[in-house]
Amino acid sequence: MSMPDAMPLPGVGEELKQAKEIEDAEKYSFMATVTKAPKKIQFADDMQEFSKFPTKTGRRSLSRSISQSSTDSYSSAASYTDSSDDEVSPREKQQTNSKGSSNFCVKNIKQAEFGRREIEIAEQDMSALISLRKRAQGEKPLAGAKIVGCTHITAQTAVLIETLCALGAQCRWSACNIYSTQNEVAAALAEAGVAVFAWKGESEDDFWWCIDRCVNMDGWQANMILDDGGDLTHWVYKKYPNVFKKIRGIVEESVTGVHRLYQLSKAGKLCVPAMNVNDSVTKQKFDNLYCCRESILDGLKRTTDVMFGGKQVVVCGYGEVGKGCCAALKALGAIVYITEIDPICALQACMDGFRVVKLNEVIRQVDVVITCTGNKNVVTREHLDRMKNSCIVCNMGHSNTEIDVTSLRTPELTWERVRSQVDHVIWPDGKRVVLLAEGRLLNLSCSTVPTFVLSITATTQALALIELYNAPEGRYKQDVYLLPKKMDEYVASLHLPSFDAHLTELTDDQAKYLGLNKNGPFKPNYYRY
């Protein structure tokens with residue numbers, strides 16, 4: 001049975017006809033516009049305009065001064081901030097915690113509850129440090145210790161500070177970096193009774209003021225120092241020599257700070273024992289390598305949204321930090337070059353598949369420049385002048401001396417803050433270089449770092465403090481020491497349960513054959529992991 005032809009609904013046919021006419025008219029209008037003489041669409045001219053760099057004069061109203069840039073109160077790292085009081089310096093505020101104490105200076109004490117949650121989250125991935133706290137808090141091995149500290153103030157270091165307090169110590173704390181403090185964490189520490197003087201976006205003057213407030217307090221004198229970078233040690237040594245002479249021990253965790261300690265020791269001016277935590281195996285091989293392998297990408301992604309596939313990157317320095325950075329960048333498809341002064345590290349880079357070059361050889365072509373040497377003036381104004389437009393420049397070393405940022409603070413260059421911790425430095429011809437965190441430590445200034453790795457470092461620091469504070473007189477002289485191998489192994493063993501790892505035990509016969517104690521240490525001090 002044949003079906004009858006479909007009958008259009010009343011009025012629909014006319015509407016379809018009108019719609020077709022409108023569609024044809026639009027097509028004709030579009031084609032006419034495209035095919036006209038190029039008065040309206042001038043592709044060549046548009047491409048020229050598109051490729052021009054934005055000029056200095058056109059951007060002047062948007063640019064911000066250096067002083068404004070250096071005092072931003074937040075970064076792209078997760079951090080709660082109350083913008084309503086960003087303009088008021090914490091030094092000008094009168095704040096008290098719930099116990100009525102005002103022995104602190106933070107951005108906003110009202111953020112304490114949020115900071116406490118951050119600390120509790122960090123504790124969940126720092127089980128080894130919490131385990132140490134539970135094991136030793138009954139004995140109070142730091143009872144009587146008065147520790148003045150200068151480190152990054154994050155949720156992870158807060159767990160360390162509260163562990164030291166639980167072990168009997170009194171603590172006063174400042175920040176080693178003007179951008180890395182998590183304001184809410186500082187508030188939580190202040191609420192808990194820790195004398196903390198730190199906030200994100202400190203000025204240079206604020207930085208030294210905070211350190212001085214930690215050291216200089218009537219009726220309280222430090223007898224232990226925990227430092228990250230050497231600034232606190234330098235300040236006490238220079239400003240308070242009598243206090244420095246009575247210090248029982250210094251624990252230092254950075255390349256820069258350790259270098260300063262060895263300089264003091266060589267000059268015969270180090271009058272207290274110091275522990276070089278930076279070169280302990282559990283710091284060097286885990287924090288420096290594995291932490292930077294993950295956090296370099298986090299910092300760059302949060303600040304620039306850059307895609308690394310095919311990008312040309314030069315990494316200055318192939319130590320543990322450099323190795324971590326290069327491994328991460330290579331895995332994402334970046335073309336990585338290395339600069340090195342040490343032939344051994346250079347050979348390692350070559351064997352790992354990287355090309356070792358001088359910075360001058362590639363500076364015009366690379367998209368990203370990363371410093372991690374612990375040196376100064378690694379990237380100079382001459383290098384910066386020769387960089388391509390939109391080249392990203394950042395530092396993964398502790399100190400802000402690796403990139404010659406001071407040379408960029410000249411009248412002919414315009415600084416434009418485009419987002420938190422990201423400055424475009426614009427040359428007179430319109431070329432711009434993307435400078436991150438004003439040359440300070442990228443990962444802790446612009447992002448965060450893995451909590452688990454910081455648990456390893458924090459546990460190492462806590463054990464170093466306990467060792468120096470409780471060591472019998474004469475065990476440590478006025479010199480710089482490495483953490484005993486047995487302690488390194490103990491720190492590692494505390495973290496193995498997180499992976500459900502099970503160590504194999506030596507038999508008596510095997511231990512005798514190797515000449516080892518069954519309980520360790522398992523490697524001689526000269527062994528290189």
# chains A, B, ... in the order shown; residues from 1 in each chain; ligands from 1
>>> closest_atom_pairs(of="range 431-473 of chain A", to="range 391-404 of chain A", cutoff="9 Å", atoms="only C-alpha atoms", output="JSON lines")
{"residue": "A:Arg432", "atom": "CA", "partner": "A:Cys391", "partner_atom": "CA", "distance": 7.6}
{"residue": "A:Val433", "atom": "CA", "partner": "A:Cys391", "partner_atom": "CA", "distance": 5.2}
{"residue": "A:Val434", "atom": "CA", "partner": "A:Ile392", "partner_atom": "CA", "distance": 4.6}
{"residue": "A:Leu435", "atom": "CA", "partner": "A:Val393", "partner_atom": "CA", "distance": 5.1}
{"residue": "A:Leu436", "atom": "CA", "partner": "A:Cys394", "partner_atom": "CA", "distance": 5.3}
{"residue": "A:Ala437", "atom": "CA", "partner": "A:Cys394", "partner_atom": "CA", "distance": 7.4}
{"residue": "A:Glu438", "atom": "CA", "partner": "A:Asn400", "partner_atom": "CA", "distance": 7.9}
{"residue": "A:Gly439", "atom": "CA", "partner": "A:Asn400", "partner_atom": "CA", "distance": 5.4}
{"residue": "A:Arg440", "atom": "CA", "partner": "A:Asn400", "partner_atom": "CA", "distance": 4.6}
{"residue": "A:Leu441", "atom": "CA", "partner": "A:Met396", "partner_atom": "CA", "distance": 5.1}
{"residue": "A:Leu442", "atom": "CA", "partner": "A:Met396", "partner_atom": "CA", "distance": 5.6}
{"residue": "A:Asn443", "atom": "CA", "partner": "A:Met396", "partner_atom": "CA", "distance": 7.1}
>>> write_last_selection(atoms="C-alpha atoms", output="mmCIF file, in the first residue's frame")
data_model
loop_
_atom_site.group_PDB
_atom_site.id
_atom_site.type_symbol
_atom_site.label_atom_id
_atom_site.label_comp_id
_atom_site.auth_asym_id
_atom_site.auth_seq_id
_atom_site.Cartn_x
_atom_site.Cartn_y
_atom_site.Cartn_z
ATOM 1 C CA ARG A 432 59.298 41.844 27.032
ATOM 2 C CA VAL A 433 60.840 39.263 29.349
ATOM 3 C CA VAL A 434 58.593 37.341 31.741
ATOM 4 C CA LEU A 435 60.235 37.439 35.177
ATOM 5 C CA LEU A 436 58.827 35.166 37.885
ATOM 6 C CA ALA A 437 58.904 36.004 41.617
ATOM 7 C CA GLU A 438 61.447 38.772 40.923
ATOM 8 C CA GLY A 439 64.152 36.125 40.698
ATOM 9 C CA ARG A 440 63.361 34.494 44.038
ATOM 10 C CA LEU A 441 62.737 30.785 44.622
ATOM 11 C CA LEU A 442 60.047 29.814 42.112
ATOM 12 C CA ASN A 443 58.366 26.784 43.646
#
>>> residues_around(residues="Val258 in chain A", least_positions_apart="6", cutoff="8 Å", atoms="only C-alpha atoms", output="number ranges by chain")
A: 229-230, 252, 276, 278
>>> closest_atom_pairs(of="range 308-359 of chain A", to="range 381-389 of chain A", cutoff="12 Å", atoms="only C-alpha atoms", output="tab-separated table")
residue	atom	partner	partner_atom	distance
A:Gln312	CA	A:Lys388	CA	11.6
A:Val314	CA	A:Met387	CA	11.9
A:Lys358	CA	A:His383	CA	11.5
A:Leu359	CA	A:His383	CA	8.1
>>> select_by_dssp(residues="range 198-334 of chain A", states="strand (DSSP E)", output="VMD selection string")
chain A and resid 224 to 227 249 to 252 274 to 276 312 to 316
>>> residues_around(residues="Val491 in chain A", least_positions_apart="5", cutoff="7 Å", atoms="only C-alpha atoms", output="PDB file with N, CA and C atoms, in the first residue's frame")
ATOM      1  N   ILE A 456      60.355  14.457  54.996  1.00  0.00           N
ATOM      2  CA  ILE A 456      61.702  13.893  55.095  1.00  0.00           C
ATOM      3  C   ILE A 456      62.684  14.949  55.586  1.00  0.00           C
ATOM      4  N   THR A 459      61.934  16.050  59.298  1.00  0.00           N
ATOM      5  CA  THR A 459      62.368  15.033  60.262  1.00  0.00           C
ATOM      6  C   THR A 459      63.882  15.090  60.438  1.00  0.00           C
ATOM      7  N   THR A 460      64.595  15.293  59.329  1.00  0.00           N
ATOM      8  CA  THR A 460      66.051  15.436  59.387  1.00  0.00           C
ATOM      9  C   THR A 460      66.447  16.643  60.223  1.00  0.00           C
TER      10      THR A 460
END
>>> select_by_dssp(residues="range 213-451 of chain A", states="alpha helix (DSSP H)", output="ChimeraX atom specification")
/A:213-215,231-239,241-245,255-266,281-282,292-304,320-331,343-351,359-362,381-386,442-446,451
>>> closest_residue(among="A:Thr414, A:Thr507, A:Thr96, A:Gln124", to="Phe452 in chain A", atoms="only C-alpha atoms")
A:Gln124
>>> closest_residue(among="A:Leu167, A:Pro450, A:Ala188, A:Cys176", to="Ser98 in chain A", atoms="only C-alpha atoms")
A:Ala188
>>> closest_residue(among="A:Glu412, A:Asp227, A:Glu123, A:Glu204", to="Gln461 in chain A", atoms="only C-alpha atoms")
A:Asp227
>>> residues_around(residues="Gln156 in chain A", least_positions_apart="6", cutoff="9 Å", atoms="only C-alpha atoms", output="list of chain:residue names")
A:Glu118, A:Ile119, A:Ala122, A:Glu123, A:Met126, A:Thr451, A:Phe452, A:Leu454, A:Ser455, A:Ala458
>>> write_last_selection(atoms="C-alpha atoms", output="CSV table (one decimal), in the first residue's frame")
chain,number,residue,atom,x,y,z
A,118,GLU,CA,45.9,23.6,56.2
A,119,ILE,CA,48.2,22.3,58.9
A,122,ALA,CA,49.7,18.5,55.9
A,123,GLU,CA,50.0,16.3,59.0
A,126,MET,CA,53.9,13.8,57.2
A,451,THR,CA,54.2,17.6,51.5
A,452,PHE,CA,55.7,14.1,51.8
A,454,LEU,CA,59.1,18.0,53.2
A,455,SER,CA,58.3,15.5,55.9
A,458,ALA,CA,61.7,18.3,58.5
>>> residues_around(residues="Pro521 in chain A", least_positions_apart="6", cutoff="9 Å", atoms="only C-alpha atoms", output="PDB file with N, CA, C and O atoms, in the first residue's frame")
ATOM      1  N   LYS A 485      75.409   9.240  59.630  1.00  0.00           N
ATOM      2  CA  LYS A 485      74.786   8.307  58.682  1.00  0.00           C
ATOM      3  C   LYS A 485      73.636   7.525  59.308  1.00  0.00           C
ATOM      4  O   LYS A 485      72.603   7.282  58.680  1.00  0.00           O
ATOM      5  N   LYS A 486      73.806   7.170  60.577  1.00  0.00           N
ATOM      6  CA  LYS A 486      72.770   6.401  61.265  1.00  0.00           C
ATOM      7  C   LYS A 486      71.462   7.187  61.314  1.00  0.00           C
ATOM      8  O   LYS A 486      70.368   6.615  61.187  1.00  0.00           O
ATOM      9  N   MET A 487      71.540   8.516  61.483  1.00  0.00           N
ATOM     10  CA  MET A 487      70.330   9.341  61.533  1.00  0.00           C
ATOM     11  C   MET A 487      69.679   9.437  60.157  1.00  0.00           C
ATOM     12  O   MET A 487      68.450   9.440  60.033  1.00  0.00           O
ATOM     13  N   GLU A 489      69.691   7.156  57.907  1.00  0.00           N
ATOM     14  CA  GLU A 489      68.993   5.885  57.698  1.00  0.00           C
ATOM     15  C   GLU A 489      67.726   5.802  58.542  1.00  0.00           C
ATOM     16  O   GLU A 489      66.712   5.249  58.097  1.00  0.00           O
TER      17      GLU A 489
END
>>> atom_distance(atom1="CA of Leu300 in chain A", atom2="CA of Val449 in chain A")
12.7 Å
>>> closest_atom_pairs(of="range 417-527 of chain A", to="range 142-151 of chain A", cutoff="12 Å", atoms="only C-alpha atoms", output="tab-separated table")
residue	atom	partner	partner_atom	distance
A:Leu444	CA	A:Thr151	CA	11.1
A:Ala458	CA	A:Thr151	CA	10.9
A:Gln461	CA	A:Gly149	CA	11.3
A:Ala462	CA	A:Leu142	CA	9.7
A:Leu463	CA	A:Leu142	CA	10.4
A:Ala464	CA	A:Leu142	CA	11.3
A:Leu465	CA	A:Leu142	CA	8.2
A:Ile466	CA	A:Leu142	CA	6.4
A:Glu467	CA	A:Leu142	CA	9.7
A:Leu468	CA	A:Leu142	CA	10.2
A:Tyr469	CA	A:Leu142	CA	7.2
A:Asn470	CA	A:Leu142	CA	8.0
A:Ala471	CA	A:Leu142	CA	11.6
>>> write_last_selection(atoms="N, CA and C atoms", output="JSON list (two decimals), in the first residue's frame")
[["chain", "number", "residue", "atom", "x", "y", "z"],
["A", 444, "LEU", "N", 58.38, 27.77, 45.89],
["A", 444, "LEU", "CA", 57.72, 28.18, 47.13],
["A", 444, "LEU", "C", 57.16, 29.59, 47.05],
["A", 458, "ALA", "N", 62.01, 17.83, 57.14],
["A", 458, "ALA", "CA", 61.65, 18.31, 58.47],
["A", 458, "ALA", "C", 62.09, 17.33, 59.56],
["A", 461, "GLN", "N", 65.75, 17.76, 60.03],
["A", 461, "GLN", "CA", 66.05, 18.98, 60.79],
["A", 461, "GLN", "C", 65.79, 18.77, 62.28],
["A", 462, "ALA", "N", 64.67, 18.13, 62.61],
["A", 462, "ALA", "CA", 64.33, 17.90, 64.01],
["A", 462, "ALA", "C", 65.39, 17.03, 64.69],
["A", 463, "LEU", "N", 65.83, 15.97, 64.01],
["A", 463, "LEU", "CA", 66.84, 15.09, 64.59],
["A", 463, "LEU", "C", 68.18, 15.81, 64.75],
["A", 464, "ALA", "N", 68.51, 16.67, 63.79],
["A", 464, "ALA", "CA", 69.76, 17.43, 63.88],
["A", 464, "ALA", "C", 69.74, 18.37, 65.09],
["A", 465, "LEU", "N", 68.60, 19.02, 65.32],
["A", 465, "LEU", "CA", 68.47, 19.90, 66.49],
["A", 465, "LEU", "C", 68.60, 19.10, 67.79],
["A", 466, "ILE", "N", 67.93, 17.95, 67.85],
["A", 466, "ILE", "CA", 68.00, 17.10, 69.04],
["A", 466, "ILE", "C", 69.44, 16.64, 69.29],
["A", 467, "GLU", "N", 70.13, 16.25, 68.21],
["A", 467, "GLU", "CA", 71.51, 15.78, 68.33],
["A", 467, "GLU", "C", 72.43, 16.88, 68.86],
["A", 468, "LEU", "N", 72.37, 18.06, 68.27],
["A", 468, "LEU", "CA", 73.26, 19.15, 68.70],
["A", 468, "LEU", "C", 72.94, 19.62, 70.12],
["A", 469, "TYR", "N", 71.66, 19.67, 70.44],
["A", 469, "TYR", "CA", 71.26, 20.19, 71.75],
["A", 469, "TYR", "C", 71.64, 19.23, 72.88],
["A", 470, "ASN", "N", 71.60, 17.93, 72.61],
["A", 470, "ASN", "CA", 71.83, 16.94, 73.66],
["A", 470, "ASN", "C", 73.24, 16.33, 73.62],
["A", 471, "ALA", "N", 74.04, 16.71, 72.63],
["A", 471, "ALA", "CA", 75.38, 16.12, 72.50],
["A", 471, "ALA", "C", 76.24, 16.48, 73.71]]
>>> atom_distance(atom1="CA of Asp429 in chain A", atom2="CA of Thr406 in chain A")
20.3 Å
>>> atom_distance(atom1="CA of Ser254 in chain A", atom2="CA of Arg302 in chain A")
24.6 Å
